>>> print(open('my_file_28.tsv').read())   # TSV, C-alpha atoms
chain	number	residue	atom	x	y	z
A	1	MET	CA	0.00	0.00	0.00
A	2	ILE	CA	3.11	2.20	-0.14
A	3	ASP	CA	4.19	3.19	-3.63
A	4	LYS	CA	7.81	2.30	-4.30
A	5	ARG	CA	8.40	5.82	-5.61
A	6	ALA	CA	7.48	7.40	-2.23
A	7	ILE	CA	10.35	8.66	-0.05
A	8	ILE	CA	10.10	7.61	3.60
A	9	GLU	CA	13.01	8.63	5.80
A	10	LYS	CA	14.44	6.21	8.33
A	11	GLY	CA	12.78	6.75	11.71
A	12	ALA	CA	9.29	7.56	10.39
A	13	LYS	CA	6.54	5.55	12.07
A	14	ILE	CA	3.76	4.33	9.79
A	15	GLY	CA	0.59	2.71	11.15
A	16	LYS	CA	-1.48	-0.15	9.75
A	17	ASN	CA	-3.29	0.01	6.40
A	18	VAL	CA	-1.69	3.32	5.45
A	19	LYS	CA	-1.65	4.25	1.76
A	20	ILE	CA	1.19	6.43	0.51
A	21	GLY	CA	1.24	7.59	-3.10
A	22	ALA	CA	4.04	8.14	-5.58
A	23	TYR	CA	6.56	10.90	-4.83
A	24	ALA	CA	5.13	11.61	-1.40
A	25	TYR	CA	7.77	12.58	1.15
A	26	ILE	CA	7.62	11.44	4.79
A	27	GLY	CA	10.27	12.84	7.16
A	28	ALA	CA	12.17	10.97	9.86
A	29	ASP	CA	10.26	12.48	12.80
A	30	VAL	CA	6.79	11.83	11.40
A	31	THR	CA	4.26	9.47	12.98
A	32	ILE	CA	1.20	8.47	10.92
A	33	GLY	CA	-1.72	6.59	12.47
A	34	ASP	CA	-3.69	3.68	11.08
A	35	ASN	CA	-5.82	3.85	7.93
A	36	CYS	CA	-4.48	7.17	6.68
A	37	GLU	CA	-4.20	7.97	2.99
A	38	ILE	CA	-1.28	10.15	1.93
A	39	SER	CA	-1.66	11.15	-1.71
A	40	HIS	CA	1.05	11.49	-4.33
A	41	HIS	CA	3.35	14.52	-4.22
A	42	SER	CA	2.37	15.47	-0.67
A	43	THR	CA	4.95	16.37	1.98
A	44	ILE	CA	4.89	15.54	5.69
A	45	GLU	CA	7.93	16.56	7.68
A	46	GLY	CA	9.03	18.04	11.00
A	47	VAL	CA	8.05	16.56	14.36
A	48	THR	CA	4.56	15.73	13.17
A	49	THR	CA	2.08	13.30	14.71
A	50	ILE	CA	-1.02	12.39	12.68
A	51	GLY	CA	-3.89	10.30	14.07
A	52	LYS	CA	-6.10	7.74	12.36
A	53	ASN	CA	-8.22	7.86	9.20
A	54	ASN	CA	-6.85	11.11	7.82
A	55	ARG	CA	-6.68	11.92	4.10
A	56	ILE	CA	-3.96	14.21	2.87
A	57	PHE	CA	-4.40	15.20	-0.76
A	58	PRO	CA	-1.79	15.93	-3.48
A	59	TYR	CA	0.70	18.76	-2.97
A	60	ALA	CA	-0.25	19.46	0.63
A	61	SER	CA	2.70	20.51	2.83
A	62	VAL	CA	2.23	19.38	6.42
A	63	GLY	CA	4.63	19.96	9.32
A	64	THR	CA	6.92	22.40	7.55
A	65	GLU	CA	8.84	24.93	9.62
A	66	PRO	CA	7.14	28.18	10.70
A	67	GLN	CA	7.13	31.25	8.49
A	68	ASP	CA	8.46	33.29	11.39
A	69	LEU	CA	11.75	35.17	11.29
A	70	LYS	CA	12.33	34.34	14.96
A	71	TYR	CA	12.35	30.62	14.19
A	72	ASN	CA	15.88	29.25	14.44
A	73	GLY	CA	15.51	25.55	13.74
A	74	GLU	CA	14.11	24.50	17.13
A	75	LYS	CA	12.32	21.13	17.29
A	76	THR	CA	8.72	22.22	17.51
A	77	GLU	CA	5.66	20.10	16.78
A	78	LEU	CA	2.50	19.63	14.78
A	79	ILE	CA	-0.21	17.39	16.23
A	80	ILE	CA	-3.23	16.34	14.13
A	81	GLY	CA	-6.16	14.24	15.35
A	82	ASP	CA	-8.35	11.76	13.48
A	83	ASN	CA	-10.65	11.80	10.44
A	84	ASN	CA	-9.42	15.05	8.91
A	85	ARG	CA	-9.42	15.90	5.21
A	86	ILE	CA	-6.53	18.12	4.17
A	87	ARG	CA	-7.04	19.09	0.55
A	88	GLU	CA	-4.70	20.10	-2.24
A	89	PHE	CA	-1.95	22.67	-1.58
A	90	CYS	CA	-2.77	23.14	2.11
A	91	LEU	CA	0.14	24.45	4.19
A	92	ILE	CA	0.30	23.62	7.91
A	93	ASN	CA	3.33	24.67	9.99
A	94	THR	CA	4.75	23.50	13.30
A	95	GLY	CA	4.84	25.74	16.40
A	96	THR	CA	7.44	28.10	17.80
A	97	ILE	CA	9.20	28.32	21.15
A	98	GLN	CA	7.75	31.81	21.57
A	99	ASP	CA	4.43	30.03	22.26
A	100	ASN	CA	4.03	26.45	23.53
A	101	GLY	CA	5.96	24.95	20.62
A	102	LYS	CA	2.95	23.19	19.12
A	103	THR	CA	0.42	23.67	16.37
A	104	ILE	CA	-2.59	21.53	17.26
A	105	ILE	CA	-5.47	20.38	15.06
A	106	GLY	CA	-8.37	18.28	16.36
A	107	SER	CA	-10.53	15.74	14.55
A	108	ASN	CA	-13.20	15.59	11.85
A	109	ASN	CA	-12.16	18.82	10.15
A	110	LEU	CA	-12.28	19.73	6.47
A	111	PHE	CA	-9.56	22.02	5.16
A	112	MET	CA	-10.24	22.82	1.51
A	113	GLY	CA	-7.62	23.74	-1.07
A	114	TYR	CA	-4.89	26.30	-0.32
A	115	VAL	CA	-5.75	26.65	3.38
A	116	HIS	CA	-2.82	27.91	5.47
A	117	ILE	CA	-2.62	27.17	9.21
A	118	ALA	CA	0.39	28.97	10.64
A	119	HIS	CA	2.55	28.31	13.68
A	120	ASP	CA	1.04	27.83	17.13
A	121	CYS	CA	-2.57	27.76	15.95
A	122	VAL	CA	-5.06	25.55	17.80
A	123	VAL	CA	-8.04	24.27	15.80
A	124	GLY	CA	-10.77	22.21	17.47
A	125	ASP	CA	-13.05	19.54	16.04
A	126	ASN	CA	-15.69	19.54	13.27
A	127	CYS	CA	-14.53	22.78	11.65
A	128	ILE	CA	-14.78	23.68	7.97
A	129	PHE	CA	-12.25	26.00	6.32
A	130	ALA	CA	-13.19	26.81	2.73
A	131	ASN	CA	-10.66	27.39	-0.06
A	132	GLY	CA	-7.95	29.93	0.65
A	133	VAL	CA	-8.58	30.51	4.36
A	134	THR	CA	-5.40	31.91	5.91
A	135	LEU	CA	-4.66	31.71	9.63
A	136	ALA	CA	-1.76	33.78	10.94
A	137	GLY	CA	0.12	32.62	14.02
A	138	HIS	CA	-1.29	31.93	17.49
A	139	ILE	CA	-4.95	31.76	16.43
A	140	LYS	CA	-7.49	29.62	18.27
A	141	VAL	CA	-10.55	28.23	16.47
A	142	ASP	CA	-13.09	26.39	18.62
A	143	ASN	CA	-15.24	23.39	17.71
A	144	GLY	CA	-17.73	23.61	14.85
A	145	ALA	CA	-16.56	26.92	13.40
A	146	VAL	CA	-17.09	27.54	9.67
A	147	ILE	CA	-14.81	29.98	7.82
A	148	GLY	CA	-15.66	31.08	4.29
A	149	GLY	CA	-13.23	31.12	1.40
A	150	MET	CA	-10.42	33.64	0.85
A	151	THR	CA	-10.61	34.88	4.46
A	152	PRO	CA	-7.44	36.04	6.25
A	153	ILE	CA	-7.41	36.04	10.07
A	154	HIS	CA	-5.05	38.21	12.10
A	155	GLN	CA	-2.59	36.65	14.57
A	156	PHE	CA	-3.83	35.98	18.12
A	157	VAL	CA	-7.51	36.18	17.11
A	158	LYS	CA	-9.97	33.71	18.67
A	159	ILE	CA	-12.93	32.24	16.79
A	160	GLY	CA	-15.63	30.84	19.09
A	161	SER	CA	-17.48	27.54	18.76
A	162	LEU	CA	-20.20	27.32	16.09
A	163	ALA	CA	-19.20	30.75	14.78
A	164	MET	CA	-19.46	31.46	11.06
A	165	VAL	CA	-17.22	33.81	9.09
A	166	ALA	CA	-18.45	34.89	5.66
A	167	GLY	CA	-16.21	34.40	2.65
A	168	ALA	CA	-13.76	37.15	1.68
A	169	SER	CA	-13.93	38.73	5.13
A	170	ALA	CA	-10.87	40.08	6.93
A	171	VAL	CA	-10.91	39.19	10.62
A	172	SER	CA	-8.80	41.28	13.00
A	173	GLN	CA	-10.78	40.89	16.26
A	174	ASP	CA	-12.30	37.99	18.18
A	175	VAL	CA	-15.49	36.34	16.90
A	176	PRO	CA	-17.78	35.18	19.75
A	177	PRO	CA	-19.28	31.69	19.80
A	178	PHE	CA	-22.60	31.17	17.97
A	179	CYS	CA	-22.18	34.39	15.98
A	180	MET	CA	-21.79	35.36	12.31
A	181	VAL	CA	-19.37	38.00	11.05
A	182	GLU	CA	-18.81	39.48	7.62
A	183	GLY	CA	-16.88	42.26	5.94
A	184	ASN	CA	-13.51	43.98	5.78
A	185	ARG	CA	-12.98	44.49	8.66
A	186	ALA	CA	-15.36	41.75	9.74
A	187	LYS	CA	-18.19	42.78	12.08
A	188	LEU	CA	-21.06	40.94	13.75
A	189	ARG	CA	-24.09	40.34	11.53
A	190	GLY	CA	-26.18	38.27	13.95
A	191	LEU	CA	-26.35	34.75	15.32
A	192	ASN	CA	-25.49	31.61	13.37
A	193	LEU	CA	-29.03	30.28	13.83
A	194	THR	CA	-28.64	27.50	11.28
A	195	GLY	CA	-25.60	26.18	13.13
A	196	LEU	CA	-27.35	26.50	16.49
A	197	ARG	CA	-30.39	24.56	15.29
A	198	ARG	CA	-28.17	21.79	13.94
A	199	HIS	CA	-26.19	21.36	17.13
A	200	ILE	CA	-28.42	22.40	20.04
A	201	GLU	CA	-31.57	20.32	20.52
A	202	ASP	CA	-33.31	22.40	23.18
A	203	ARG	CA	-34.89	25.45	21.57
A	204	GLY	CA	-35.06	27.02	25.02
A	205	ASP	CA	-31.27	27.14	25.03
A	206	ILE	CA	-31.28	28.92	21.68
A	207	ASP	CA	-33.78	31.45	23.03
A	208	LYS	CA	-31.43	32.15	25.95
A	209	ILE	CA	-28.57	32.74	23.50
A	210	LYS	CA	-30.77	35.12	21.49
A	211	LYS	CA	-31.68	37.07	24.61
A	212	ALA	CA	-28.05	37.35	25.72
A	213	TYR	CA	-26.98	38.44	22.23
A	214	LYS	CA	-29.56	41.26	22.18
A	215	GLU	CA	-28.54	42.52	25.59
A	216	LEU	CA	-24.87	42.43	24.68
A	217	PHE	CA	-24.87	43.88	21.19
A	218	GLU	CA	-28.13	45.76	20.71
A	219	SER	CA	-28.56	47.67	23.98
A	220	GLY	CA	-25.91	50.29	23.22
A	221	LYS	CA	-24.41	49.83	26.68
A	222	PRO	CA	-20.72	49.07	27.37
A	223	LEU	CA	-20.09	45.49	26.28
A	224	LYS	CA	-18.02	44.24	29.22
A	225	GLU	CA	-20.38	45.84	31.72
A	226	ILE	CA	-23.35	43.94	30.24
A	227	ALA	CA	-21.28	40.75	30.03
A	228	LYS	CA	-20.42	40.89	33.74
A	229	LYS	CA	-24.07	41.32	34.71
A	230	LEU	CA	-25.17	38.46	32.46
A	231	LEU	CA	-22.49	36.18	33.89
A	232	GLU	CA	-23.75	36.88	37.42
A	233	ASN	CA	-27.43	36.35	36.56
A	234	SER	CA	-27.53	33.70	33.83
A	235	ASP	CA	-27.99	30.00	34.60
A	236	ASN	CA	-27.71	28.87	30.96
A	237	GLN	CA	-24.47	27.14	29.92
A	238	TYR	CA	-24.54	28.54	26.39
A	239	ALA	CA	-25.26	32.13	27.42
A	240	LYS	CA	-22.45	31.85	29.96
A	241	LYS	CA	-20.09	30.56	27.28
A	242	LEU	CA	-20.90	33.59	25.14
A	243	VAL	CA	-20.30	36.14	27.91
A	244	GLU	CA	-17.18	34.41	29.25
A	245	PHE	CA	-15.67	34.56	25.77
A	246	ILE	CA	-16.32	38.31	25.67
A	247	LEU	CA	-14.88	38.90	29.14
A	248	ASN	CA	-11.74	36.92	28.26
A	249	SER	CA	-11.17	38.62	24.90
A	250	LYS	CA	-7.82	40.38	24.54
A	251	ARG	CA	-8.09	41.63	20.96
A	252	GLY	CA	-11.61	42.98	21.38
A	253	ILE	CA	-14.83	41.79	19.77
A	254	ALA	CA	-15.59	42.23	16.06
A	255	TYR	CA	-18.67	44.42	16.36
A	256	GLU	CA	-19.84	48.01	15.99
A	257	ARG	CA	-21.42	49.52	19.09
A	258	LYS	CA	-24.91	50.92	18.56
A	259	MET	CA	-25.39	54.38	20.01
>>> encode(input="my_file_28.tsv", output="structure tokens")
Amino acid sequence: MIDKRAIIEKGAKIGKNVKIGAYAYIGADVTIGDNCEISHHSTIEGVTTIGKNNRIFPYASVGTEPQDLKYNGEKTELIIGDNNRIREFCLINTGTIQDNGKTIIGSNNLFMGYVHIAHDCVVGDNCIFANGVTLAGHIKVDNGAVIGGMTPIHQFVKIGSLAMVAGASAVSQDVPPFCMVEGNRAKLRGLNLTGLRRHIEDRGDIDKIKKAYKELFESGKPLKEIAKKLLENSDNQYAKKLVEFILNSKRGIAYERKM
């Protein structure tokens, strides 16, 4: 199941039932889990650990060194979970010692063509990145986020769970969970109701999220002041998740305050 034209360096660890196509390159410090499919002309190098049932498509470059001028050849890592699809020409870098030294990707994600995930990013599970999404360094993307095509995201930004970013946006501030943003610069356009209805069974929970959203972003009052009050008074786990994200934001929230 390994093409004789593939290059696999001594020391690489290959699991069971792994397919490796012609002219693929696997570096010495790479570990690949069971049932993965590594297509022809793809590259996996660096200290890279890949879980089970992943598909890496032609010309993807996985585990290459960071595009950071401070990087000086340190042994940093890339860790990828299970059941991911990494499409053609994706570029995923390892971490840097200026952070925790690791780029981490969860499971069940789809990264379409030409996606770039830079050093020290952390991506959760069940995310979709459309073609040409570009993550700068140190970005965190929580579970179930959807990012539209040709969207660049500024370093250190956080994207909350079940958030949705419209295609061709430019994101320079944090995107709260359950919300939609759009534009250059991207700003809040409402709740991701379709995503909420797909993932949250209790409609009462969705109503609580709607109420919290209105108080936060439509009252015209200072955002953190409202968030603190909601955190003290809310008993809903999802509403609390929304306000805690806002209170913990360091880059600020991508929204325009209504006067």
>>> atom_distance(input="my_file_28.tsv", atom1="atom CA of A:Phe57", atom2="atom CA of A:Thr103")
19.7 Å
>>> closest_residue(input="my_file_28.tsv", among="A:Thr151, A:Thr49, A:Thr76, A:Asn131", to="A:Gly183", atoms="all atoms listed in the file")
A:Thr151
>>> residues_around(input="my_file_28.tsv", residues="A:Glu74", least_positions_apart="2", cutoff="12 Å", atoms="only C-alpha atoms", output="PyMOL selection string")
chain A and resi 46-47+65-66+68+70-72+76-77+94-98+101-102
>>> residues_around(input="my_file_28.tsv", residues="stretch 134-141 of chain A", least_positions_apart="3", cutoff="8 Å", atoms="all atoms listed in the file", output="list of chain:residue names")
A:Asp99, A:Val115, A:His116, A:Ile117, A:Ala118, A:His119, A:Asp120, A:Cys121, A:Val122, A:Val123, A:Gly124, A:Ala145, A:Met150, A:Thr151, A:Pro152, A:Ile153, A:His154, A:Gln155, A:Phe156, A:Val157, A:Lys158, A:Ile159, A:Gly160, A:Ser161
>>> residues_near_point(input="my_file_28.tsv", point="(-15.7, 36.5, 7.6)", cutoff="12 Å", atoms="all atoms listed in the file", output="PDB file with C-alpha atoms, in the coordinates of the input")
ATOM      1  CA  PHE A 129     -12.250  26.000   6.320  1.00  0.00           C
ATOM      2  CA  ALA A 130     -13.190  26.810   2.730  1.00  0.00           C
ATOM      3  CA  VAL A 133      -8.580  30.510   4.360  1.00  0.00           C
ATOM      4  CA  THR A 134      -5.400  31.910   5.910  1.00  0.00           C
ATOM      5  CA  ALA A 145     -16.560  26.920  13.400  1.00  0.00           C
ATOM      6  CA  VAL A 146     -17.090  27.540   9.670  1.00  0.00           C
ATOM      7  CA  ILE A 147     -14.810  29.980   7.820  1.00  0.00           C
ATOM      8  CA  GLY A 148     -15.660  31.080   4.290  1.00  0.00           C
ATOM      9  CA  GLY A 149     -13.230  31.120   1.400  1.00  0.00           C
ATOM     10  CA  MET A 150     -10.420  33.640   0.850  1.00  0.00           C
ATOM     11  CA  THR A 151     -10.610  34.880   4.460  1.00  0.00           C
ATOM     12  CA  PRO A 152      -7.440  36.040   6.250  1.00  0.00           C
ATOM     13  CA  ILE A 153      -7.410  36.040  10.070  1.00  0.00           C
ATOM     14  CA  HIS A 154      -5.050  38.210  12.100  1.00  0.00           C
ATOM     15  CA  ILE A 159     -12.930  32.240  16.790  1.00  0.00           C
ATOM     16  CA  ALA A 163     -19.200  30.750  14.780  1.00  0.00           C
ATOM     17  CA  MET A 164     -19.460  31.460  11.060  1.00  0.00           C
ATOM     18  CA  VAL A 165     -17.220  33.810   9.090  1.00  0.00           C
ATOM     19  CA  ALA A 166     -18.450  34.890   5.660  1.00  0.00           C
ATOM     20  CA  GLY A 167     -16.210  34.400   2.650  1.00  0.00           C
ATOM     21  CA  ALA A 168     -13.760  37.150   1.680  1.00  0.00           C
ATOM     22  CA  SER A 169     -13.930  38.730   5.130  1.00  0.00           C
ATOM     23  CA  ALA A 170     -10.870  40.080   6.930  1.00  0.00           C
ATOM     24  CA  VAL A 171     -10.910  39.190  10.620  1.00  0.00           C
ATOM     25  CA  SER A 172      -8.800  41.280  13.000  1.00  0.00           C
ATOM     26  CA  GLN A 173     -10.780  40.890  16.260  1.00  0.00           C
ATOM     27  CA  ASP A 174     -12.300  37.990  18.180  1.00  0.00           C
ATOM     28  CA  VAL A 175     -15.490  36.340  16.900  1.00  0.00           C
ATOM     29  CA  CYS A 179     -22.180  34.390  15.980  1.00  0.00           C
ATOM     30  CA  MET A 180     -21.790  35.360  12.310  1.00  0.00           C
ATOM     31  CA  VAL A 181     -19.370  38.000  11.050  1.00  0.00           C
ATOM     32  CA  GLU A 182     -18.810  39.480   7.620  1.00  0.00           C
ATOM     33  CA  GLY A 183     -16.880  42.260   5.940  1.00  0.00           C
ATOM     34  CA  ASN A 184     -13.510  43.980   5.780  1.00  0.00           C
ATOM     35  CA  ARG A 185     -12.980  44.490   8.660  1.00  0.00           C
ATOM     36  CA  ALA A 186     -15.360  41.750   9.740  1.00  0.00           C
ATOM     37  CA  LYS A 187     -18.190  42.780  12.080  1.00  0.00           C
ATOM     38  CA  LEU A 188     -21.060  40.940  13.750  1.00  0.00           C
ATOM     39  CA  ARG A 189     -24.090  40.340  11.530  1.00  0.00           C
ATOM     40  CA  ALA A 254     -15.590  42.230  16.060  1.00  0.00           C
TER      41      ALA A 254
END
>>> residues_around(input="my_file_28.tsv", residues="A:Leu193", least_positions_apart="5", cutoff="12 Å", atoms="all atoms listed in the file", output="PDB file with C-alpha atoms, in the frame of the given file")
ATOM      1  CA  LEU A 162     -20.200  27.320  16.090  1.00  0.00           C
ATOM      2  CA  ALA A 163     -19.200  30.750  14.780  1.00  0.00           C
ATOM      3  CA  MET A 164     -19.460  31.460  11.060  1.00  0.00           C
ATOM      4  CA  PRO A 177     -19.280  31.690  19.800  1.00  0.00           C
ATOM      5  CA  PHE A 178     -22.600  31.170  17.970  1.00  0.00           C
ATOM      6  CA  CYS A 179     -22.180  34.390  15.980  1.00  0.00           C
ATOM      7  CA  MET A 180     -21.790  35.360  12.310  1.00  0.00           C
ATOM      8  CA  ARG A 198     -28.170  21.790  13.940  1.00  0.00           C
ATOM      9  CA  HIS A 199     -26.190  21.360  17.130  1.00  0.00           C
ATOM     10  CA  ILE A 200     -28.420  22.400  20.040  1.00  0.00           C
ATOM     11  CA  ARG A 203     -34.890  25.450  21.570  1.00  0.00           C
ATOM     12  CA  ASP A 205     -31.270  27.140  25.030  1.00  0.00           C
ATOM     13  CA  ILE A 206     -31.280  28.920  21.680  1.00  0.00           C
ATOM     14  CA  ASP A 207     -33.780  31.450  23.030  1.00  0.00           C
ATOM     15  CA  ILE A 209     -28.570  32.740  23.500  1.00  0.00           C
ATOM     16  CA  LYS A 210     -30.770  35.120  21.490  1.00  0.00           C
ATOM     17  CA  TYR A 213     -26.980  38.440  22.230  1.00  0.00           C
TER      18      TYR A 213
END
>>> residues_around(input="my_file_28.tsv", residues="stretch 225-237 of chain A", least_positions_apart="4", cutoff="8 Å", atoms="only C-alpha atoms", output="ChimeraX atom specification")
/A:205,208,212,215-216,221,241,243-244,246-247
>>> write_last_selection(input="my_file_28.tsv", atoms="C-alpha atoms", output="PDB file, keeping the file's coordinate frame")
ATOM      1  CA  ASP A 205     -31.270  27.140  25.030  1.00  0.00           C
ATOM      2  CA  LYS A 208     -31.430  32.150  25.950  1.00  0.00           C
ATOM      3  CA  ALA A 212     -28.050  37.350  25.720  1.00  0.00           C
ATOM      4  CA  GLU A 215     -28.540  42.520  25.590  1.00  0.00           C
ATOM      5  CA  LEU A 216     -24.870  42.430  24.680  1.00  0.00           C
ATOM      6  CA  LYS A 221     -24.410  49.830  26.680  1.00  0.00           C
ATOM      7  CA  LYS A 241     -20.090  30.560  27.280  1.00  0.00           C
ATOM      8  CA  VAL A 243     -20.300  36.140  27.910  1.00  0.00           C
ATOM      9  CA  GLU A 244     -17.180  34.410  29.250  1.00  0.00           C
ATOM     10  CA  ILE A 246     -16.320  38.310  25.670  1.00  0.00           C
ATOM     11  CA  LEU A 247     -14.880  38.900  29.140  1.00  0.00           C
TER      12      LEU A 247
END
>>> atom_distance(input="my_file_28.tsv", atom1="atom CA of A:Ile80", atom2="atom CA of A:Thr48")
7.9 Å
>>> closest_residue(input="my_file_28.tsv", among="A:Tyr238, A:Pro222, A:Asn35, A:Gly15", to="A:Leu196", atoms="all atoms listed in the file")
A:Tyr238
>>> residues_around(input="my_file_28.tsv", residues="A:His41", least_positions_apart="3", cutoff="8 Å", atoms="only C-alpha atoms", output="list in words")
Gly21, Ala22, Tyr23, Ala24, Tyr25, Pro58, Tyr59 and Ala60 of chain A
>>> atom_distance(input="my_file_28.tsv", atom1="atom CA of A:Glu88", atom2="atom CA of A:Val62")
11.1 Å
>>> closest_residue(input="my_file_28.tsv", among="A:Ser219, A:Thr31, A:Thr194, A:Ser107", to="A:Asp142", atoms="only C-alpha atoms")
A:Ser107
>>> closest_residue(input="my_file_28.tsv", among="A:Ile128, A:Ile32, A:Leu91, A:Ala6", to="A:Asn109", atoms="only C-alpha atoms")
A:Ile128
>>> closest_residue(input="my_file_28.tsv", among="A:Gly144, A:Gly190, A:Gly51, A:Gly11", to="A:Phe217", atoms="only C-alpha atoms")
A:Gly190
>>> closest_residue(input="my_file_28.tsv", among="A:Ile105, A:Ile56, A:Lys19, A:Asn248", to="A:Leu78", atoms="all atoms listed in the file")
A:Ile105
